[in-house]
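One file, structure30.cif, is given below (mmCIF, C-alpha atoms and all ligand atoms).
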```cif
data_protein
loop_
_atom_site.label_atom_id
_atom_site.label_comp_id
_atom_site.auth_asym_id
_atom_site.auth_seq_id
_atom_site.Cartn_x
_atom_site.Cartn_y
_atom_site.Cartn_z
CA MET N 2 -2.12 -7.33 16.29
CA ALA N 3 0.31 -9.63 14.51
CA LYS N 4 2.41 -9.72 17.68
CA MET N 5 -0.59 -10.39 19.93
CA GLY N 6 -1.70 -13.10 17.51
CA ARG N 7 1.73 -14.75 17.62
CA GLU N 8 1.71 -14.65 21.44
CA LEU N 9 -1.67 -16.39 21.54
CA ALA N 10 -0.52 -18.93 18.97
CA ALA N 11 2.57 -19.63 21.10
CA LYS N 12 0.20 -20.62 23.92
CA GLY N 13 -1.28 -23.24 21.61
CA VAL N 14 -4.33 -21.27 20.46
CA ASP N 15 -5.30 -21.84 16.81
CA VAL N 16 -5.07 -18.23 15.62
CA ILE N 17 -5.87 -17.30 12.02
CA SER N 18 -3.96 -14.17 11.10
CA LEU N 19 -5.60 -11.81 8.67
CA SER N 20 -3.50 -8.91 9.86
CA PHE N 21 -0.58 -9.19 7.45
CA GLY N 22 0.19 -6.76 4.67
CA GLU N 23 2.11 -9.20 2.52
CA PRO N 24 1.31 -11.86 -0.09
CA ASP N 25 1.37 -15.40 1.29
CA PHE N 26 3.00 -16.69 -1.92
CA HIS N 27 6.68 -17.45 -2.42
CA THR N 28 8.92 -15.28 -4.59
CA PRO N 29 8.84 -16.78 -8.13
CA GLU N 30 11.67 -19.20 -8.93
CA HIS N 31 13.24 -17.22 -11.80
CA ILE N 32 13.73 -14.27 -9.46
CA LYS N 33 15.37 -16.41 -6.79
CA GLU N 34 17.62 -17.96 -9.45
CA ALA N 35 18.76 -14.50 -10.54
CA ALA N 36 19.71 -13.72 -6.94
CA LYS N 37 21.74 -16.93 -6.65
CA THR N 38 23.52 -16.15 -9.91
CA ALA N 39 24.23 -12.61 -8.69
CA MET N 40 26.00 -14.00 -5.64
CA ASP N 41 27.96 -16.49 -7.71
CA LYS N 42 29.04 -13.66 -10.02
CA ASN N 43 30.13 -11.63 -6.99
CA PHE N 44 27.58 -8.87 -7.15
CA THR N 45 28.33 -8.39 -3.48
CA TYR N 46 29.86 -4.92 -3.34
CA TYR N 47 28.46 -1.45 -2.76
CA THR N 48 26.14 -0.41 -5.55
CA PRO N 49 25.47 3.02 -7.10
CA VAL N 50 23.18 4.89 -4.65
CA ALA N 51 20.24 5.06 -7.07
CA GLY N 52 20.65 1.48 -8.30
CA TYR N 53 22.59 -0.49 -10.94
CA PRO N 54 22.22 0.93 -14.46
CA ASP N 55 20.53 -2.25 -15.75
CA LEU N 56 17.95 -2.06 -12.96
CA ARG N 57 17.14 1.59 -13.59
CA ALA N 58 16.90 0.78 -17.30
CA ALA N 59 14.50 -2.08 -16.46
CA VAL N 60 12.32 0.35 -14.48
CA VAL N 61 12.33 2.82 -17.37
CA GLY N 62 11.30 -0.03 -19.71
CA LYS N 63 8.55 -1.16 -17.37
CA LEU N 64 7.12 2.36 -17.07
CA LYS N 65 7.10 2.70 -20.86
CA ASN N 66 5.79 -0.75 -21.73
CA GLU N 67 3.25 -1.22 -18.96
CA ASN N 68 2.21 2.36 -18.21
CA ASN N 69 3.08 4.24 -21.38
CA LEU N 70 5.06 6.74 -19.32
CA ASP N 71 8.33 8.28 -20.47
CA TYR N 72 11.13 8.52 -17.95
CA THR N 73 14.91 8.45 -18.23
CA ALA N 74 17.21 6.45 -15.97
CA THR N 75 18.34 9.59 -14.13
CA GLN N 76 14.73 10.09 -12.98
CA ILE N 77 14.65 6.71 -11.22
CA VAL N 78 15.97 6.23 -7.69
CA VAL N 79 15.89 2.66 -6.39
CA SER N 80 15.58 2.36 -2.62
CA THR N 81 15.40 -0.13 0.22
CA GLY N 82 11.69 -0.75 -0.29
CA ALA N 83 8.89 1.53 -1.41
CA LYS N 84 8.81 2.71 2.19
CA GLN N 85 12.23 4.33 1.86
CA ALA N 86 11.23 5.71 -1.54
CA LEU N 87 8.23 7.39 0.12
CA ALA N 88 10.33 8.71 2.97
CA ASN N 89 12.97 10.06 0.57
CA ALA N 90 10.37 11.98 -1.40
CA VAL N 91 8.56 13.41 1.61
CA LEU N 92 11.76 14.38 3.42
CA CYS N 93 13.14 16.05 0.29
CA LEU N 94 9.97 17.99 -0.49
CA VAL N 95 8.24 18.91 2.76
CA ASN N 96 9.59 21.73 4.93
CA PRO N 97 8.55 22.19 8.57
CA GLY N 98 5.00 23.52 8.83
CA GLU N 99 4.04 22.70 5.23
CA GLU N 100 0.85 20.72 4.72
CA VAL N 101 0.46 17.29 3.18
CA ILE N 102 -3.04 16.27 2.13
CA ILE N 103 -3.78 12.60 2.79
CA PRO N 104 -7.12 10.91 2.08
CA THR N 105 -8.30 8.79 5.01
CA PRO N 106 -7.97 5.87 5.47
CA TYR N 107 -4.33 5.81 4.47
CA TRP N 108 -1.38 3.49 4.79
CA VAL N 109 -0.01 3.69 8.34
CA SER N 110 3.40 5.19 7.55
CA TYR N 111 2.17 8.20 5.54
CA SER N 112 1.32 10.43 8.49
CA GLU N 113 4.34 9.23 10.48
CA ILE N 114 6.74 10.08 7.64
CA VAL N 115 5.12 13.53 7.38
CA LYS N 116 5.81 13.95 11.12
CA LEU N 117 9.47 13.07 10.54
CA ALA N 118 9.62 15.88 7.98
CA GLU N 119 7.92 18.17 10.55
CA GLY N 120 5.10 18.67 8.08
CA VAL N 121 1.42 18.81 8.95
CA SER N 122 -0.96 16.11 7.72
CA VAL N 123 -4.32 17.37 6.50
CA PHE N 124 -6.77 14.50 6.25
CA ILE N 125 -9.73 14.16 3.90
CA ASP N 126 -12.27 11.73 5.31
CA THR N 127 -13.95 9.17 3.07
CA THR N 128 -16.62 6.58 3.77
CA VAL N 129 -17.37 3.03 2.71
CA GLU N 130 -20.41 4.43 0.85
CA GLN N 131 -18.12 6.46 -1.44
CA ASN N 132 -15.79 3.45 -1.86
CA PHE N 133 -13.25 5.37 0.22
CA LYS N 134 -12.37 7.67 -2.70
CA ILE N 135 -12.18 11.46 -2.48
CA THR N 136 -13.92 13.80 -4.90
CA PRO N 137 -12.30 16.78 -6.66
CA GLU N 138 -14.49 19.04 -4.49
CA GLN N 139 -13.12 17.50 -1.30
CA LEU N 140 -9.58 17.92 -2.62
CA GLU N 141 -10.13 21.56 -3.57
CA ALA N 142 -11.56 22.30 -0.13
CA ALA N 143 -8.50 20.84 1.63
CA ILE N 144 -5.96 22.97 -0.28
CA THR N 145 -4.48 25.99 1.54
CA PRO N 146 -1.53 28.29 0.77
CA LYS N 147 0.58 25.92 2.90
CA THR N 148 -0.20 22.78 0.89
CA LYS N 149 2.98 21.22 -0.48
CA LEU N 150 2.07 17.64 -1.27
CA PHE N 151 -0.84 15.29 -1.88
CA MET N 152 -0.18 11.66 -1.03
CA PHE N 153 -2.35 8.65 -1.85
CA SER N 154 -2.31 5.02 -2.92
CA SER N 155 -4.31 3.43 -5.72
CA PRO N 156 -4.99 0.52 -5.42
CA CYS N 157 -5.25 1.50 -1.77
CA ASN N 158 -4.01 -0.07 1.42
CA PRO N 159 -6.15 -0.46 3.59
CA THR N 160 -9.34 -0.20 1.51
CA GLY N 161 -8.56 -1.90 -1.82
CA SER N 162 -10.10 1.09 -3.63
CA VAL N 163 -8.88 1.85 -7.15
CA TYR N 164 -9.26 5.26 -8.78
CA SER N 165 -10.46 5.05 -12.40
CA LYS N 166 -8.86 7.13 -15.16
CA ASP N 167 -11.79 9.57 -15.01
CA GLU N 168 -11.52 9.92 -11.24
CA LEU N 169 -7.78 10.56 -11.48
CA GLU N 170 -8.38 13.11 -14.18
CA GLY N 171 -10.86 14.88 -11.90
CA LEU N 172 -8.13 15.19 -9.26
CA ALA N 173 -5.45 16.14 -11.83
CA LYS N 174 -7.66 19.01 -13.04
CA VAL N 175 -7.66 20.41 -9.50
CA PHE N 176 -3.86 20.21 -9.40
CA GLU N 177 -3.67 21.95 -12.76
CA LYS N 178 -5.05 25.01 -10.99
CA HIS N 179 -2.44 24.68 -8.21
CA PRO N 180 0.96 24.33 -9.90
CA GLU N 181 2.82 24.60 -6.59
CA ILE N 182 1.51 21.26 -5.25
CA TYR N 183 3.36 17.95 -5.72
CA ILE N 184 1.57 14.61 -5.97
CA LEU N 185 2.95 11.42 -4.48
CA SER N 186 1.27 8.50 -6.20
CA ASP N 187 1.91 5.23 -4.38
CA GLU N 188 1.33 2.50 -6.96
CA ILE N 189 2.76 -0.47 -5.11
CA TYR N 190 -0.44 -2.50 -5.54
CA GLU N 191 -0.53 -1.77 -9.27
CA HIS N 192 -0.64 -5.43 -10.29
CA ILE N 193 -3.26 -6.48 -7.78
CA ASN N 194 -6.07 -4.78 -9.62
CA PHE N 195 -9.29 -6.59 -10.51
CA ILE N 196 -10.82 -4.00 -12.83
CA GLY N 197 -8.33 -3.92 -15.67
CA GLY N 198 -5.21 -1.97 -16.52
CA HIS N 199 -3.49 0.21 -13.98
CA GLU N 200 -4.04 3.96 -14.25
CA SER N 201 -1.44 6.43 -12.99
CA ILE N 202 -2.10 10.11 -12.37
CA ALA N 203 1.27 10.71 -14.11
CA GLN N 204 -0.45 10.03 -17.46
CA PHE N 205 -1.82 13.59 -17.42
CA ASP N 206 0.91 15.70 -19.01
CA TYR N 207 -0.07 18.89 -17.23
CA VAL N 208 0.79 17.37 -13.82
CA LYS N 209 3.39 14.71 -14.71
CA ASP N 210 6.40 16.86 -13.83
CA ARG N 211 5.04 17.24 -10.28
CA VAL N 212 4.13 13.58 -9.78
CA ILE N 213 6.40 11.29 -7.83
CA ILE N 214 5.48 7.69 -8.58
CA VAL N 215 6.38 5.28 -5.80
CA ASN N 216 6.39 1.61 -6.68
CA GLY N 217 8.17 -1.58 -5.72
CA TRP N 218 8.46 -5.32 -5.94
CA SER N 219 7.06 -6.34 -2.54
CA LYS N 220 3.43 -6.93 -3.44
CA ALA N 221 3.51 -7.78 -7.16
CA PHE N 222 6.34 -10.31 -6.93
CA ALA N 223 5.91 -11.46 -3.31
CA MET N 224 9.26 -9.89 -2.40
CA THR N 225 8.54 -8.13 0.90
CA GLY N 226 11.74 -9.31 2.57
CA TRP N 227 14.05 -8.37 -0.29
CA ARG N 228 13.61 -4.62 0.31
CA ILE N 229 13.43 -2.88 -3.02
CA GLY N 230 11.29 -0.04 -4.35
CA TYR N 231 11.75 3.14 -6.34
CA THR N 232 10.65 6.66 -7.16
CA ALA N 233 10.09 7.98 -10.68
CA SER N 234 10.03 11.77 -10.63
CA ASN N 235 11.45 14.86 -12.25
CA SER N 236 15.26 14.97 -12.32
CA GLU N 237 15.54 17.60 -9.58
CA ILE N 238 13.59 15.51 -7.07
CA ALA N 239 15.47 12.38 -8.16
CA ALA N 240 18.80 14.12 -7.53
CA ALA N 241 17.62 15.20 -4.06
CA CYS N 242 16.42 11.66 -3.20
CA ASP N 243 19.76 10.26 -4.39
CA LYS N 244 21.64 12.75 -2.19
CA LEU N 245 19.54 12.00 0.89
CA GLN N 246 19.67 8.23 0.45
CA GLY N 247 23.43 8.41 -0.12
CA GLN N 248 23.88 9.64 3.45
CA ILE N 249 21.48 7.16 5.04
CA THR N 250 21.46 3.70 3.47
CA SER N 251 23.33 4.00 0.14
CA GLY N 252 22.14 1.70 -2.65
CA THR N 253 19.94 -1.24 -1.68
CA CYS N 254 21.28 -4.81 -1.57
CA SER N 255 23.24 -5.79 -4.71
CA ILE N 256 21.70 -9.28 -4.86
CA THR N 257 18.18 -7.92 -4.46
CA GLN N 258 18.80 -5.50 -7.32
CA LYS N 259 19.72 -8.32 -9.68
CA ALA N 260 16.60 -10.16 -8.57
CA GLY N 261 14.66 -6.97 -9.30
CA VAL N 262 15.99 -6.90 -12.87
CA ALA N 263 14.86 -10.52 -13.37
CA ALA N 264 11.41 -9.66 -12.03
CA TYR N 265 10.99 -6.69 -14.35
CA THR N 266 12.31 -8.44 -17.46
CA GLY N 267 11.01 -11.97 -16.88
CA GLY N 268 7.36 -11.52 -17.83
CA LEU N 269 4.28 -11.19 -15.66
CA GLU N 270 2.96 -14.76 -15.69
CA SER N 271 3.49 -15.36 -11.97
CA VAL N 272 2.08 -11.91 -11.16
CA HIS N 273 -1.10 -12.72 -13.05
CA GLN N 274 -1.41 -16.09 -11.32
CA MET N 275 -1.17 -14.43 -7.92
CA ARG N 276 -3.71 -11.80 -8.93
CA GLU N 277 -6.18 -14.48 -10.00
CA GLN N 278 -5.82 -16.15 -6.62
CA PHE N 279 -6.40 -12.86 -4.84
CA GLN N 280 -9.49 -12.14 -6.90
CA LYS N 281 -10.95 -15.59 -6.15
CA ARG N 282 -10.35 -15.06 -2.45
CA ARG N 283 -11.80 -11.56 -2.56
CA ASP N 284 -15.01 -12.93 -4.06
CA ILE N 285 -15.28 -15.69 -1.46
CA VAL N 286 -14.68 -13.36 1.48
CA TYR N 287 -16.99 -10.67 0.11
CA ASP N 288 -19.90 -13.10 -0.20
CA LEU N 289 -19.35 -14.25 3.38
CA LEU N 290 -18.73 -10.82 4.93
CA LYS N 291 -21.80 -9.18 3.45
CA GLU N 292 -23.95 -11.84 5.13
CA ILE N 293 -22.77 -10.79 8.60
CA PRO N 294 -25.43 -8.64 10.28
CA GLY N 295 -24.03 -5.25 11.33
CA ILE N 296 -21.08 -5.19 8.94
CA THR N 297 -21.07 -2.71 6.04
CA VAL N 298 -18.62 -3.74 3.37
CA ASN N 299 -17.84 -2.62 -0.19
CA LEU N 300 -16.32 -4.69 -2.97
CA PRO N 301 -12.64 -3.71 -3.16
CA GLU N 302 -11.26 -3.44 -6.69
CA GLY N 303 -7.62 -4.10 -5.86
CA ALA N 304 -4.92 -4.89 -3.25
CA PHE N 305 -5.83 -7.67 -0.80
CA TYR N 306 -7.81 -6.05 1.97
CA PHE N 307 -11.37 -5.44 3.11
CA PHE N 308 -12.07 -2.43 5.29
CA PRO N 309 -15.59 -3.04 6.62
CA ASN N 310 -17.40 -0.46 8.71
CA VAL N 311 -18.12 -1.95 12.13
CA THR N 312 -19.69 1.03 13.92
CA SER N 313 -22.95 -0.86 14.55
CA PHE N 314 -21.10 -2.90 17.19
CA PHE N 315 -19.89 0.13 19.15
CA GLY N 316 -21.61 0.39 22.54
CA LYS N 317 -22.33 -3.35 22.55
CA SER N 318 -20.65 -5.59 25.08
CA PHE N 319 -19.51 -9.11 25.84
CA ASN N 320 -19.04 -10.39 29.41
CA GLY N 321 -19.50 -6.83 30.68
CA LYS N 322 -16.76 -5.37 28.43
CA VAL N 323 -18.01 -2.60 26.14
CA ILE N 324 -16.65 -2.19 22.60
CA ASN N 325 -15.98 1.51 22.00
CA ASP N 326 -14.07 1.58 18.72
CA SER N 327 -12.64 -0.57 15.97
CA ASP N 328 -9.37 -1.24 17.81
CA GLU N 329 -11.34 -2.72 20.71
CA LEU N 330 -13.43 -4.75 18.29
CA SER N 331 -10.27 -6.05 16.67
CA ILE N 332 -8.94 -7.16 20.08
CA PHE N 333 -12.31 -8.76 20.88
CA LEU N 334 -12.11 -10.72 17.60
CA LEU N 335 -8.63 -11.92 18.45
CA GLU N 336 -9.59 -13.01 21.96
CA GLU N 337 -13.00 -14.46 21.14
CA ALA N 338 -12.74 -15.66 17.51
CA HIS N 339 -8.95 -16.15 17.48
CA VAL N 340 -8.79 -14.16 14.28
CA ALA N 341 -6.22 -11.36 14.00
CA THR N 342 -7.37 -8.27 12.09
CA VAL N 343 -6.16 -4.66 12.41
CA GLY N 344 -8.17 -1.89 14.07
CA GLY N 345 -8.75 1.14 11.86
CA ASP N 346 -7.09 3.74 14.08
CA SER N 347 -3.63 3.07 12.59
CA PHE N 348 -5.10 3.93 9.19
CA GLY N 349 -6.73 7.10 10.51
CA ASP N 350 -10.25 5.62 10.64
CA LYS N 351 -11.70 4.31 13.89
CA LYS N 352 -14.90 3.09 12.22
CA SER N 353 -13.51 0.09 10.38
CA ILE N 354 -11.20 -2.89 10.74
CA ARG N 355 -8.77 -4.15 8.11
CA ILE N 356 -9.07 -7.75 7.04
CA SER N 357 -6.29 -9.06 4.81
CA TYR N 358 -7.14 -11.94 2.50
CA ALA N 359 -3.55 -12.89 1.82
CA ALA N 360 -4.28 -16.33 3.30
CA ALA N 361 -5.40 -19.74 2.03
CA GLU N 362 -9.08 -20.13 1.07
CA ASP N 363 -9.94 -22.66 3.80
CA LYS N 364 -8.41 -20.37 6.44
CA LEU N 365 -10.36 -17.40 5.10
CA ILE N 366 -13.67 -19.28 5.17
CA GLU N 367 -13.06 -20.50 8.71
CA ALA N 368 -11.93 -17.04 9.85
CA VAL N 369 -15.06 -15.31 8.58
CA ARG N 370 -17.23 -18.05 10.14
CA ARG N 371 -15.54 -17.39 13.48
CA ILE N 372 -15.89 -13.61 13.11
CA LYS N 373 -19.61 -13.99 12.43
CA GLU N 374 -20.07 -16.27 15.43
CA ALA N 375 -18.16 -13.93 17.76
CA LEU N 376 -19.98 -10.78 16.60
CA ALA N 377 -23.32 -12.47 17.29
CA LYS N 378 -22.30 -12.69 20.96
CA LEU N 379 -22.16 -8.90 21.32
CA VAL N 380 -25.30 -7.46 22.90
N1 LIG F 401 2.91 1.62 0.26
C1 LIG F 401 1.86 0.90 0.67
C2 LIG F 401 0.49 1.40 0.37
C3 LIG F 401 2.05 -0.31 1.37
O1 LIG F 401 1.01 -1.03 1.76
C4 LIG F 401 3.38 -0.73 1.65
C5 LIG F 401 3.63 -1.96 2.42
O2 LIG F 401 2.78 -2.49 3.10
C6 LIG F 401 4.44 0.07 1.19
C7 LIG F 401 4.16 1.24 0.51
C8 LIG F 401 5.87 -0.30 1.46
O3 LIG F 401 6.30 -1.36 0.67
P1 LIG F 401 7.79 -1.89 0.72
O4 LIG F 401 7.71 -3.29 1.23
O5 LIG F 401 8.27 -1.88 -0.70
O6 LIG F 401 8.59 -1.00 1.57
#
```

Rewrite the coordinates I just gave you, this time as structure tokens.
Amino acid sequence: MAKMGRELAAKGVDVISLSFGEPDFHTPEHIKEAAKTAMDKNFTYYTPVAGYPDLRAAVVGKLKNENNLDYTATQIVVSTGAKQALANAVLCLVNPGEEVIIPTPYWVSYSEIVKLAEGVSVFIDTTVEQNFKITPEQLEAAITPKTKLFMFSSPCNPTGSVYSKDELEGLAKVFEKHPEIYILSDEIYEHINFIGGHESIAQFDYVKDRVIIVNGWSKAFAMTGWRIGYTASNSEIAAACDKLQGQITSGTCSITQKAGVAAYTGGLESVHQMREQFQKRRDIVYDLLKEIPGITVNLPEGAFYFFPNVTSFFGKSFNGKVINDSDELSIFLLEEAHVATVGGDSFGDKKSIRISYAAAEDKLIEAVRRIKEALAKLV
């Protein structure tokens, strides 16, 4: 959709893109300064595969200070983005034919990475009415003797849902009964959370050793292009991730790593400012979206996305063209409203579209106005 939007824009059409999965803010100055200093000090050589010692120490400090979680540096593997961290963990853990439970909707790459490992994705469907969160009963029902891994994000891309401590505990209790299952907890949207402190499933001691936390700098510090993320796991998994990564990419960029240290040791002021902006935008967009007839939307508690259910438009048409699913609706919105969104199919849910609110307020207001106007044309 981003590509189609750019093509339309190149033809002179005023396209508003709400399809992006990245903050529209700049990387904070103190982080950029640290990168410049790193270059000047010649941090331009190969790095240790799992990251510079000061960076791994900064991650250990962050996990202790912000999450009250105890890890040692040898349990941290820094990668070229959280995406590589995810891929490392899945490729190290999942053998061909083993099952990976993924709540739907999920972030696009989860099921594709499972395919690379020749694993089998087992999806648990959720609905907007249940705030897109699974229950312990749903989890229990999805487990089979072949289950190897459970993989989820909280706050979630694409729904913005955030599991509370109680909800995580409910899931952890299920895993307590199944000690053979690992849990990949993608916490990359940790700091874009509108309901208070971040909760990690790793806080429950009886599962912690089987949890692989994936996190990174992309979303919290507006550093998507720098490519840096990490896993925090037990030492055995960390050693395997280190070994795998050492044969594929080696350590991530030396300059980025120094910027990562500055981000993790330089305070969270800029992170909080960005979060406040996101929350303001979320409130504006929510008030506008819920007024659109036919759209069912919940109030996301984190990240920067809405995932409204648009099934009431299926079977309706415009100029003789019938809308059959959310991908077709998304294309209709691009062509008719000149607003780029993302159809739900890529997230494993054809009933909804993803609307990112990582855009300026005036653009968001205009985009939702256009969406409303275009949807009213469907009969
Ligand atoms: N996990 C989720 C849920 C994401 O949305 C993204 C990026 O969109 C990533 C992981 C990957 O982040 P990174 O830029 O650190 O590779």

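Distance annotation: of N:Ala223, N:Val215, N:Leu334, N:Val14, the residue with the minimal separation from Ser271 (chain N) is N:Ala223; atom set is only C-alpha atoms.
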
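Residues surrounding Gly198 (chain N) within 10 Å are Glu67, Asn68, Ser165, Lys166, Glu191, His192, Asn194, Phe195 and Ser201 of chain N [only C-alpha atoms; sequence separation below 3 positions excluded].
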
Report the closest atom pair, with its distance in Å rounded to one decimal, for each residue of chain N that has an atom no farther than 6 Å from ligand LIG 401 (chain F); count only C-alpha atoms and all ligand atoms, sort by chain and then rising residue number, and write it as JSON lines.
```
{"residue": "N:Gly22", "atom": "CA", "partner": "F:LIG401", "partner_atom": "O2", "distance": 5.2}
{"residue": "N:Gly82", "atom": "CA", "partner": "F:LIG401", "partner_atom": "O6", "distance": 3.6}
{"residue": "N:Ala83", "atom": "CA", "partner": "F:LIG401", "partner_atom": "O5", "distance": 3.5}
{"residue": "N:Lys84", "atom": "CA", "partner": "F:LIG401", "partner_atom": "O6", "distance": 3.8}
{"residue": "N:Trp108", "atom": "CA", "partner": "F:LIG401", "partner_atom": "C2", "distance": 5.2}
{"residue": "N:Ser154", "atom": "CA", "partner": "F:LIG401", "partner_atom": "C2", "distance": 5.6}
{"residue": "N:Asn158", "atom": "CA", "partner": "F:LIG401", "partner_atom": "C2", "distance": 4.8}
{"residue": "N:Asp187", "atom": "CA", "partner": "F:LIG401", "partner_atom": "N1", "distance": 6.0}
{"residue": "N:Ile189", "atom": "CA", "partner": "F:LIG401", "partner_atom": "N1", "distance": 5.8}
{"residue": "N:Gly217", "atom": "CA", "partner": "F:LIG401", "partner_atom": "O5", "distance": 5.0}
{"residue": "N:Ser219", "atom": "CA", "partner": "F:LIG401", "partner_atom": "O4", "distance": 4.9}
{"residue": "N:Thr225", "atom": "CA", "partner": "F:LIG401", "partner_atom": "O4", "distance": 4.9}
{"residue": "N:Ile229", "atom": "CA", "partner": "F:LIG401", "partner_atom": "O5", "distance": 5.7}
{"residue": "N:Gly230", "atom": "CA", "partner": "F:LIG401", "partner_atom": "O5", "distance": 5.1}
```

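Within the 12 Å cut-off around Asn96 (chain N), using all atoms listed in the file and omitting residues fewer than 6 positions from it on the same chain, the listed residues are Ala90, Val115, Lys116, Leu117, Ala118, Glu119, Gly120, Val121, Lys147, Thr148, Lys149 and Leu150 of chain N.
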
Counting only C-alpha atoms, give me one row per residue of region 6-116 of chain N with an atom at most 10 Å from an atom of region 341-355 of chain N, showing the shortest contact pair and its distance in Å to one decimal, sorted by chain then residue number, as a Markdown table.
```
| residue | atom | partner | partner_atom | distance |
| --- | --- | --- | --- | --- |
| N:Gly6 | CA | N:Ala341 | CA | 6.0 |
| N:Arg7 | CA | N:Ala341 | CA | 9.4 |
| N:Val16 | CA | N:Ala341 | CA | 7.2 |
| N:Ile17 | CA | N:Ala341 | CA | 6.3 |
| N:Ser18 | CA | N:Ala341 | CA | 4.6 |
| N:Leu19 | CA | N:Thr342 | CA | 5.2 |
| N:Ser20 | CA | N:Thr342 | CA | 4.5 |
| N:Phe21 | CA | N:Thr342 | CA | 8.3 |
| N:Gly22 | CA | N:Arg355 | CA | 9.9 |
| N:Ile103 | CA | N:Gly349 | CA | 9.9 |
| N:Pro104 | CA | N:Gly349 | CA | 9.3 |
| N:Thr105 | CA | N:Gly349 | CA | 6.0 |
| N:Pro106 | CA | N:Phe348 | CA | 5.1 |
| N:Tyr107 | CA | N:Phe348 | CA | 5.1 |
| N:Trp108 | CA | N:Phe348 | CA | 5.8 |
| N:Val109 | CA | N:Phe348 | CA | 5.2 |
| N:Ser110 | CA | N:Phe348 | CA | 8.7 |
| N:Tyr111 | CA | N:Phe348 | CA | 9.2 |
| N:Ser112 | CA | N:Gly349 | CA | 8.9 |
```

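Rounded to one decimal, CA of Thr253 (chain N) and CA of Arg228 (chain N) lie 7.4 Å from each other.
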
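When all atoms listed in the file are used to compute distances to Phe315 (chain N), the closest of the residues N:Leu330, N:Ile293, N:Leu169, N:Met152 turns out to be N:Leu330.
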
d(CA of Glu23 (chain N), CA of Phe222 (chain N)) in Å: 10.4 Å

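With CA of Val286 (chain N) on one side and CA of Ala359 (chain N) on the other, the separation reads 11.1 Å.
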
Counting only C-alpha atoms, the option among N:Ile214, N:His31, N:Leu365, N:Gly303 closest to Leu269 (chain N): N:His31

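Across N:Leu379, N:Ala59, N:Ile356, N:Leu290, the tightest approach to Gly321 (chain N) is made by N:Leu379 when counting only C-alpha atoms.
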
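Among the candidate residues N:Met224, N:Ile182, N:Leu56, N:Ala3, the one lying nearest to Lys259 (chain N) is N:Leu56, with distances computed using all atoms listed in the file.
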
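Minimum atom-to-atom distance to Leu70 (chain N), evaluated using only C-alpha atoms, belongs to N:Phe205 out of N:Phe124, N:Phe26, N:Phe205, N:Phe151.
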
Sel. within 12 Å of pt (8.4, 9.4, -12.3), counting all atoms listed in the file, output as a PyMOL selection string: chain N and resi 57+60-61+63-65+68-79+86+90+183-188+201-204+206+208-216+231-239

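Taking only C-alpha atoms into account, the protein, DNA and RNA residues within 10 Å of (19.4, 11.4, -3.7) read Val50, Ala51, Val78, Val79, Ser80, Asn89, Ala90, Cys93, Glu237, Ile238, Ala239, Ala240, Ala241, Cys242, Asp243, Lys244, Leu245, Gln246, Gly247, Gln248, Ile249 and Ser251 of chain N.
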
Keeping only C-alpha atoms, take the residues you just selected and write them out as a compact mmCIF listing (two decimals), keeping the file's coordinate frame.
```
# COMPACT_ATOMS: atom_id res chain seq x y z
CA VAL N 50 23.18 4.89 -4.65
CA ALA N 51 20.24 5.06 -7.07
CA VAL N 78 15.97 6.23 -7.69
CA VAL N 79 15.89 2.66 -6.39
CA SER N 80 15.58 2.36 -2.62
CA ASN N 89 12.97 10.06 0.57
CA ALA N 90 10.37 11.98 -1.40
CA CYS N 93 13.14 16.05 0.29
CA GLU N 237 15.54 17.60 -9.58
CA ILE N 238 13.59 15.51 -7.07
CA ALA N 239 15.47 12.38 -8.16
CA ALA N 240 18.80 14.12 -7.53
CA ALA N 241 17.62 15.20 -4.06
CA CYS N 242 16.42 11.66 -3.20
CA ASP N 243 19.76 10.26 -4.39
CA LYS N 244 21.64 12.75 -2.19
CA LEU N 245 19.54 12.00 0.89
CA GLN N 246 19.67 8.23 0.45
CA GLY N 247 23.43 8.41 -0.12
CA GLN N 248 23.88 9.64 3.45
CA ILE N 249 21.48 7.16 5.04
CA SER N 251 23.33 4.00 0.14
```

Spatial neighbours of Ala221 (chain N), max dist 7 Å, all atoms listed in the file, sep filter under 3 positions, as a PyMOL selection string: chain N and resi 190+192-193+218+272
